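Only one structure is covered here, and it is reproduced in the block below.
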Amino acid sequence: MEINGGRLAVKVETEYGETYVRMPEEQLRELVLRLGEPGDRWLVAQRIPDLPDVFAQVWHEEGGDHRLEHRLGEDGFYGANLADAGQVAALMSGWARQDPGWDVGVSWEPIDLGPEDEVPDLPDDIREKVEERVRVRLRCGYDSRRELADIAEDHLVEGGERPVSKAQAWQLVDRLWLERLAVQETWEGVTDPERLTSAFDALEASGITARENFTCCRGCGMAEIGAEREDARGFVFFHQQGTEHATDGYGLSLYYGGFDGSEETTTAVGREVVAVLAAAGLSTEWDGSPGKAINVTPLTWEKRLEG
């Protein structure tokens, strides 16, 4: 499956520490072909949106074959050793596009993961508290399954008490993740968070540092946005607490300013933010004062998961 502009609906992580989201097919091919050097021997690709236990991965060490593996959730885990890097790159691209028969012509061997450990159910009171927190973050839509599992595992930790194990956290998150994916299947067309991302991309391209779901609160955001500056003349962001409020229907507060600290630049940046949001189809409330946040409202928060 491909999305607009010929980009692949996948997320790729490398041993080198890189993460690529919705990448062009040629870039995926280049990543596969370069594998082999220490520190750059593997990559893992997942679907967007991520699905539990659905991925493809490649391992290659200089002088040896490429090890290509793919997992189909509960339908199996398969691997093959291949000498031709070009063939491996083509197979990875076919997997990423979800081409019918992409895996034909390869002698796949099943990978036996052994019996799964039984995961004990959480007590109802603990499960309900963790579910409540995970559902909030799912509605926000910015966390990966891995990040949500960490949140679930750590949410009720107190002193040395860890009432949720790693396995229980993953099991709970995967169940709620699939529930949320089913909900988002009912959404039609472009959503308000997608309009917001489009506007922030346009602002970034115009020289304004634009960050979504940035830091925990306004104070931390204002303190840390300078590190994101690069060559920008100004900034705009909303924080994680603001995202949670938006999911409850309260609109979204945007904080902005000029990196020179002047009211004149801050006001100019505010006007540009409002104009770009309007062009993206979003309404705002702002009195033009450089000391007042820009409120995006009304806003229906339907943020599609990526993972």
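Residue numbers start at 1 in each chain; chains themselves are named A, B, ... in the order of the structure tokens; ligands are numbered from 1 in the order shown.
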Taking only region 66-300 of chain A into account, list the residues labelled alpha helix (DSSP H) by DSSP (computed from the backbone), as a PyMOL selection string. chain A and resi 85-97+124-140+145-154+166-184+192-205+218-224+240-247+263-279
Show which residues sit within 9 Å of Leu277 (chain A), as a VMD selection string. Count only C-alpha atoms, and ignore same-chain residues fewer than 3 positions away. chain A and resid 195 to 196 198 to 200 272 to 274 280 to 284 296
Go ahead and save the picked residues with N, CA and C atoms, as a PDB file, in the first residue's frame.
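Okay, part-v4.pdb is ready:
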ATOM      1  N   ARG A 195      -5.627  18.270   9.274  1.00  0.00           N
ATOM      2  CA  ARG A 195      -5.565  19.667   8.834  1.00  0.00           C
ATOM      3  C   ARG A 195      -4.525  20.429   9.651  1.00  0.00           C
ATOM      4  N   LEU A 196      -4.495  20.148  10.939  1.00  0.00           N
ATOM      5  CA  LEU A 196      -3.535  20.811  11.817  1.00  0.00           C
ATOM      6  C   LEU A 196      -2.105  20.447  11.426  1.00  0.00           C
ATOM      7  N   SER A 198      -1.084  19.506   8.484  1.00  0.00           N
ATOM      8  CA  SER A 198      -0.820  20.177   7.211  1.00  0.00           C
ATOM      9  C   SER A 198      -0.430  21.634   7.434  1.00  0.00           C
ATOM     10  N   ALA A 199      -1.151  22.305   8.345  1.00  0.00           N
ATOM     11  CA  ALA A 199      -0.828  23.703   8.646  1.00  0.00           C
ATOM     12  C   ALA A 199       0.546  23.833   9.295  1.00  0.00           C
ATOM     13  N   PHE A 200       0.858  22.937  10.225  1.00  0.00           N
ATOM     14  CA  PHE A 200       2.161  22.990  10.884  1.00  0.00           C
ATOM     15  C   PHE A 200       3.285  22.700   9.899  1.00  0.00           C
ATOM     16  N   GLU A 272       0.450  35.065  11.189  1.00  0.00           N
ATOM     17  CA  GLU A 272       0.765  34.069  10.166  1.00  0.00           C
ATOM     18  C   GLU A 272       0.187  32.712  10.546  1.00  0.00           C
ATOM     19  N   VAL A 273       0.267  32.355  11.816  1.00  0.00           N
ATOM     20  CA  VAL A 273      -0.288  31.079  12.269  1.00  0.00           C
ATOM     21  C   VAL A 273      -1.789  31.037  12.008  1.00  0.00           C
ATOM     22  N   VAL A 274      -2.492  32.108  12.363  1.00  0.00           N
ATOM     23  CA  VAL A 274      -3.938  32.166  12.152  1.00  0.00           C
ATOM     24  C   VAL A 274      -4.281  32.042  10.675  1.00  0.00           C
ATOM     25  N   ALA A 280      -5.959  26.007   5.977  1.00  0.00           N
ATOM     26  CA  ALA A 280      -6.081  24.557   6.138  1.00  0.00           C
ATOM     27  C   ALA A 280      -7.500  24.131   6.508  1.00  0.00           C
ATOM     28  N   GLY A 281      -8.391  25.112   6.712  1.00  0.00           N
ATOM     29  CA  GLY A 281      -9.780  24.791   7.024  1.00  0.00           C
ATOM     30  C   GLY A 281     -10.105  24.762   8.498  1.00  0.00           C
ATOM     31  N   LEU A 282      -9.281  25.409   9.323  1.00  0.00           N
ATOM     32  CA  LEU A 282      -9.494  25.431  10.766  1.00  0.00           C
ATOM     33  C   LEU A 282      -9.838  26.840  11.235  1.00  0.00           C
ATOM     34  N   SER A 283     -10.732  26.935  12.206  1.00  0.00           N
ATOM     35  CA  SER A 283     -11.142  28.217  12.772  1.00  0.00           C
ATOM     36  C   SER A 283     -10.361  28.504  14.052  1.00  0.00           C
ATOM     37  N   THR A 284     -10.150  29.778  14.319  1.00  0.00           N
ATOM     38  CA  THR A 284      -9.400  30.162  15.521  1.00  0.00           C
ATOM     39  C   THR A 284     -10.086  31.309  16.253  1.00  0.00           C
ATOM     40  N   VAL A 296      -7.709  27.070  18.794  1.00  0.00           N
ATOM     41  CA  VAL A 296      -8.284  26.440  17.613  1.00  0.00           C
ATOM     42  C   VAL A 296      -9.592  25.789  18.028  1.00  0.00           C
TER      43      VAL A 296
END
Taking into account only C-alpha atoms, which residue in the set A:Glu185, A:Glu74, A:Glu147, A:Glu285 is nearest to Leu299 (chain A)?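 For Leu299 (chain A), the nearest of the candidates is A:Glu285.
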Long-range neighbours of region 162-177 of chain A as number ranges by chain, 10 Å cut-off, only C-alpha atoms, 5 positions minimum in chain: A: 49-53, 117-123, 126-127, 130-131, 134-135, 138, 144-157, 182-183, 305, 307
Atom pair CA of Phe237 (chain A) / CA of Thr215 (chain A): separation (Å): 9.3 Å
Can you list, as a PyMOL selection string, every protein, DNA or RNA residue that comes within 12 Å of Ala246 (chain A) when you count only C-alpha atoms, leaving out same-chain residues fewer than 2 positions away? chain A and resi 136-137+139-141+192-193+213+238-244+248-254+295-303
Give the strand (DSSP E) residues of region 103-244 of chain A, as DSSP finds them on the backbone, and put them as a ChimeraX atom specification. /A:109-110,208-211,234-237
Can you write out the residues you just picked, keeping N, CA and C atoms, as a CSV table (one decimal), in the first residue's frame?
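Once written, again.csv looks like this:
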chain,number,residue,atom,x,y,z
A,109,GLU,N,11.0,-20.6,5.5
A,109,GLU,CA,11.0,-21.6,6.5
A,109,GLU,C,10.2,-21.0,7.7
A,110,PRO,N,9.3,-21.8,8.3
A,110,PRO,CA,8.6,-21.3,9.5
A,110,PRO,C,9.6,-21.1,10.7
A,208,ILE,N,8.9,29.0,10.4
A,208,ILE,CA,8.4,29.0,11.8
A,208,ILE,C,8.5,27.6,12.4
A,209,THR,N,9.2,27.4,13.5
A,209,THR,CA,9.3,26.1,14.1
A,209,THR,C,8.0,25.7,14.7
A,210,ALA,N,7.4,24.6,14.2
A,210,ALA,CA,6.0,24.2,14.5
A,210,ALA,C,6.1,22.8,15.1
A,211,ARG,N,5.7,22.6,16.3
A,211,ARG,CA,5.7,21.3,17.0
A,211,ARG,C,4.4,20.9,17.6
A,234,GLY,N,10.6,32.3,14.2
A,234,GLY,CA,9.5,32.2,15.3
A,234,GLY,C,9.1,30.8,15.5
A,235,PHE,N,8.1,30.6,16.4
A,235,PHE,CA,7.7,29.2,16.7
A,235,PHE,C,6.2,29.2,17.0
A,236,VAL,N,5.7,28.0,17.0
A,236,VAL,CA,4.3,27.7,17.5
A,236,VAL,C,4.3,26.3,18.0
A,237,PHE,N,3.6,26.0,19.0
A,237,PHE,CA,3.5,24.6,19.5
A,237,PHE,C,2.2,24.5,20.4
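As for CA of Ala90 (chain A) and CA of Leu33 (chain A), they are spaced 10.3 Å apart.
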10 Å contact set for region 22-32 of chain A, only C-alpha atoms, chain neighbours under 3 positions out, as an mmCIF file with N, CA and C atoms, in the first residue's frame:
data_model
loop_
_atom_site.group_PDB
_atom_site.id
_atom_site.type_symbol
_atom_site.label_atom_id
_atom_site.label_comp_id
_atom_site.auth_asym_id
_atom_site.auth_seq_id
_atom_site.Cartn_x
_atom_site.Cartn_y
_atom_site.Cartn_z
ATOM 1 N N GLU A 2 0.595 2.189 -0.879
ATOM 2 C CA GLU A 2 1.317 3.441 -0.931
ATOM 3 C C GLU A 2 0.376 4.591 -0.614
ATOM 4 N N ILE A 3 0.914 5.691 -0.139
ATOM 5 C CA ILE A 3 0.109 6.866 0.107
ATOM 6 C C ILE A 3 0.550 7.949 -0.850
ATOM 7 N N ASN A 4 0.005 9.156 -0.698
ATOM 8 C CA ASN A 4 0.240 10.227 -1.660
ATOM 9 C C ASN A 4 1.719 10.469 -1.900
ATOM 10 N N GLY A 5 2.032 10.734 -3.161
ATOM 11 C CA GLY A 5 3.413 11.043 -3.502
ATOM 12 C C GLY A 5 4.285 9.822 -3.621
ATOM 13 N N GLY A 6 3.688 8.618 -3.712
ATOM 14 C CA GLY A 6 4.491 7.414 -3.866
ATOM 15 C C GLY A 6 5.203 6.981 -2.613
ATOM 16 N N ARG A 7 4.806 7.510 -1.460
ATOM 17 C CA ARG A 7 5.443 7.112 -0.200
ATOM 18 C C ARG A 7 4.772 5.872 0.358
ATOM 19 N N LEU A 8 5.554 5.073 1.048
ATOM 20 C CA LEU A 8 5.068 3.815 1.575
ATOM 21 C C LEU A 8 4.483 3.998 2.973
ATOM 22 N N ALA A 9 3.359 3.357 3.227
ATOM 23 C CA ALA A 9 2.692 3.470 4.523
ATOM 24 C C ALA A 9 3.357 2.536 5.534
ATOM 25 N N VAL A 10 4.631 2.818 5.811
ATOM 26 C CA VAL A 10 5.404 2.028 6.756
ATOM 27 C C VAL A 10 6.272 2.944 7.614
ATOM 28 N N LYS A 11 6.689 2.400 8.745
ATOM 29 C CA LYS A 11 7.671 3.045 9.616
ATOM 30 C C LYS A 11 8.862 2.112 9.713
ATOM 31 N N VAL A 12 10.069 2.641 9.497
ATOM 32 C CA VAL A 12 11.284 1.824 9.477
ATOM 33 C C VAL A 12 12.255 2.328 10.536
ATOM 34 N N THR A 14 16.255 1.550 12.133
ATOM 35 C CA THR A 14 17.520 0.900 11.809
ATOM 36 C C THR A 14 18.379 0.741 13.057
ATOM 37 N N THR A 19 14.895 6.612 12.333
ATOM 38 C CA THR A 19 13.486 6.267 12.174
ATOM 39 C C THR A 19 12.941 7.012 10.972
ATOM 40 N N LEU A 35 23.061 -2.186 4.231
ATOM 41 C CA LEU A 35 23.268 -2.994 5.436
ATOM 42 C C LEU A 35 24.542 -3.826 5.345
ATOM 43 N N GLY A 36 25.210 -3.990 6.481
ATOM 44 C CA GLY A 36 26.385 -4.851 6.528
ATOM 45 C C GLY A 36 27.456 -4.404 7.493
ATOM 46 N N ASP A 40 25.160 -1.027 11.680
ATOM 47 C CA ASP A 40 24.165 -0.805 10.623
ATOM 48 C C ASP A 40 23.879 -2.135 9.934
ATOM 49 N N ARG A 41 23.436 -3.116 10.724
ATOM 50 C CA ARG A 41 23.264 -4.468 10.210
ATOM 51 C C ARG A 41 21.803 -4.900 10.101
ATOM 52 N N TRP A 42 20.874 -4.131 10.631
ATOM 53 C CA TRP A 42 19.480 -4.557 10.569
ATOM 54 C C TRP A 42 18.534 -3.378 10.432
ATOM 55 N N LEU A 43 17.359 -3.679 9.939
ATOM 56 C CA LEU A 43 16.254 -2.729 9.954
ATOM 57 C C LEU A 43 14.961 -3.504 10.163
ATOM 58 N N ALA A 45 10.658 -3.013 9.738
ATOM 59 C CA ALA A 45 9.585 -2.215 9.167
ATOM 60 C C ALA A 45 8.240 -2.668 9.723
ATOM 61 N N ARG A 47 3.785 -1.723 9.624
ATOM 62 C CA ARG A 47 2.721 -1.055 8.892
ATOM 63 C C ARG A 47 2.348 0.274 9.569
ATOM 64 N N ILE A 48 1.704 1.140 8.815
ATOM 65 C CA ILE A 48 1.022 2.306 9.378
ATOM 66 C C ILE A 48 -0.445 2.187 8.974
ATOM 67 N N GLN A 57 11.650 -7.712 8.728
ATOM 68 C CA GLN A 57 12.959 -7.276 9.191
ATOM 69 C C GLN A 57 14.065 -7.961 8.394
ATOM 70 N N VAL A 58 15.189 -7.263 8.304
ATOM 71 C CA VAL A 58 16.349 -7.771 7.568
ATOM 72 C C VAL A 58 17.583 -7.663 8.447
ATOM 73 N N TRP A 59 18.407 -8.701 8.424
ATOM 74 C CA TRP A 59 19.723 -8.698 9.076
ATOM 75 C C TRP A 59 20.771 -9.044 8.027
ATOM 76 N N HIS A 60 21.844 -8.263 7.993
ATOM 77 C CA HIS A 60 22.945 -8.588 7.074
ATOM 78 C C HIS A 60 24.258 -8.117 7.670
ATOM 79 N N HIS A 66 21.792 -12.315 3.464
ATOM 80 C CA HIS A 66 20.783 -11.494 4.121
ATOM 81 C C HIS A 66 19.743 -12.414 4.752
ATOM 82 N N ALA A 85 21.219 -8.934 -2.500
ATOM 83 C CA ALA A 85 20.687 -7.774 -1.783
ATOM 84 C C ALA A 85 19.579 -7.096 -2.573
ATOM 85 N N GLY A 86 19.697 -7.082 -3.893
ATOM 86 C CA GLY A 86 18.669 -6.475 -4.722
ATOM 87 C C GLY A 86 17.341 -7.202 -4.594
ATOM 88 N N VAL A 88 16.372 -8.888 -1.937
ATOM 89 C CA VAL A 88 15.865 -8.563 -0.606
ATOM 90 C C VAL A 88 15.181 -7.191 -0.625
ATOM 91 N N ALA A 89 15.808 -6.216 -1.274
ATOM 92 C CA ALA A 89 15.220 -4.873 -1.353
ATOM 93 C C ALA A 89 13.884 -4.907 -2.085
ATOM 94 N N ALA A 90 13.818 -5.681 -3.167
ATOM 95 C CA ALA A 90 12.566 -5.784 -3.919
ATOM 96 C C ALA A 90 11.475 -6.450 -3.089
ATOM 97 N N LEU A 91 11.836 -7.479 -2.325
ATOM 98 C CA LEU A 91 10.867 -8.152 -1.468
ATOM 99 C C LEU A 91 10.360 -7.220 -0.367
ATOM 100 N N MET A 92 11.255 -6.450 0.231
ATOM 101 C CA MET A 92 10.837 -5.509 1.263
ATOM 102 C C MET A 92 9.886 -4.456 0.691
ATOM 103 N N SER A 93 10.176 -3.986 -0.523
ATOM 104 C CA SER A 93 9.289 -3.006 -1.157
ATOM 105 C C SER A 93 7.925 -3.621 -1.445
ATOM 106 N N GLY A 94 7.909 -4.868 -1.920
ATOM 107 C CA GLY A 94 6.648 -5.545 -2.177
ATOM 108 C C GLY A 94 5.840 -5.738 -0.919
ATOM 109 N N ALA A 96 6.044 -3.826 1.747
ATOM 110 C CA ALA A 96 5.593 -2.500 2.171
ATOM 111 C C ALA A 96 4.394 -2.028 1.352
ATOM 112 N N ARG A 97 4.379 -2.343 0.058
ATOM 113 C CA ARG A 97 3.241 -1.962 -0.791
ATOM 114 C C ARG A 97 2.056 -2.903 -0.611
#
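CA of Tyr78 (chain A) to CA of Leu178 (chain A) spans 23.4 Å [interatomic distance, one decimal].
With distances restricted to only C-alpha atoms, A:Ser206 is the closest residue to Val276 (chain A) from A:Glu194, A:Asp125, A:Ser206, A:Trp187.
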Just the residues within 12 Å of Val106 (chain A), please, counting only C-alpha atoms, with nothing from its chain fewer than 5 positions along; format it as a ChimeraX atom specification. /A:68-69,78-84,87-88,91,101
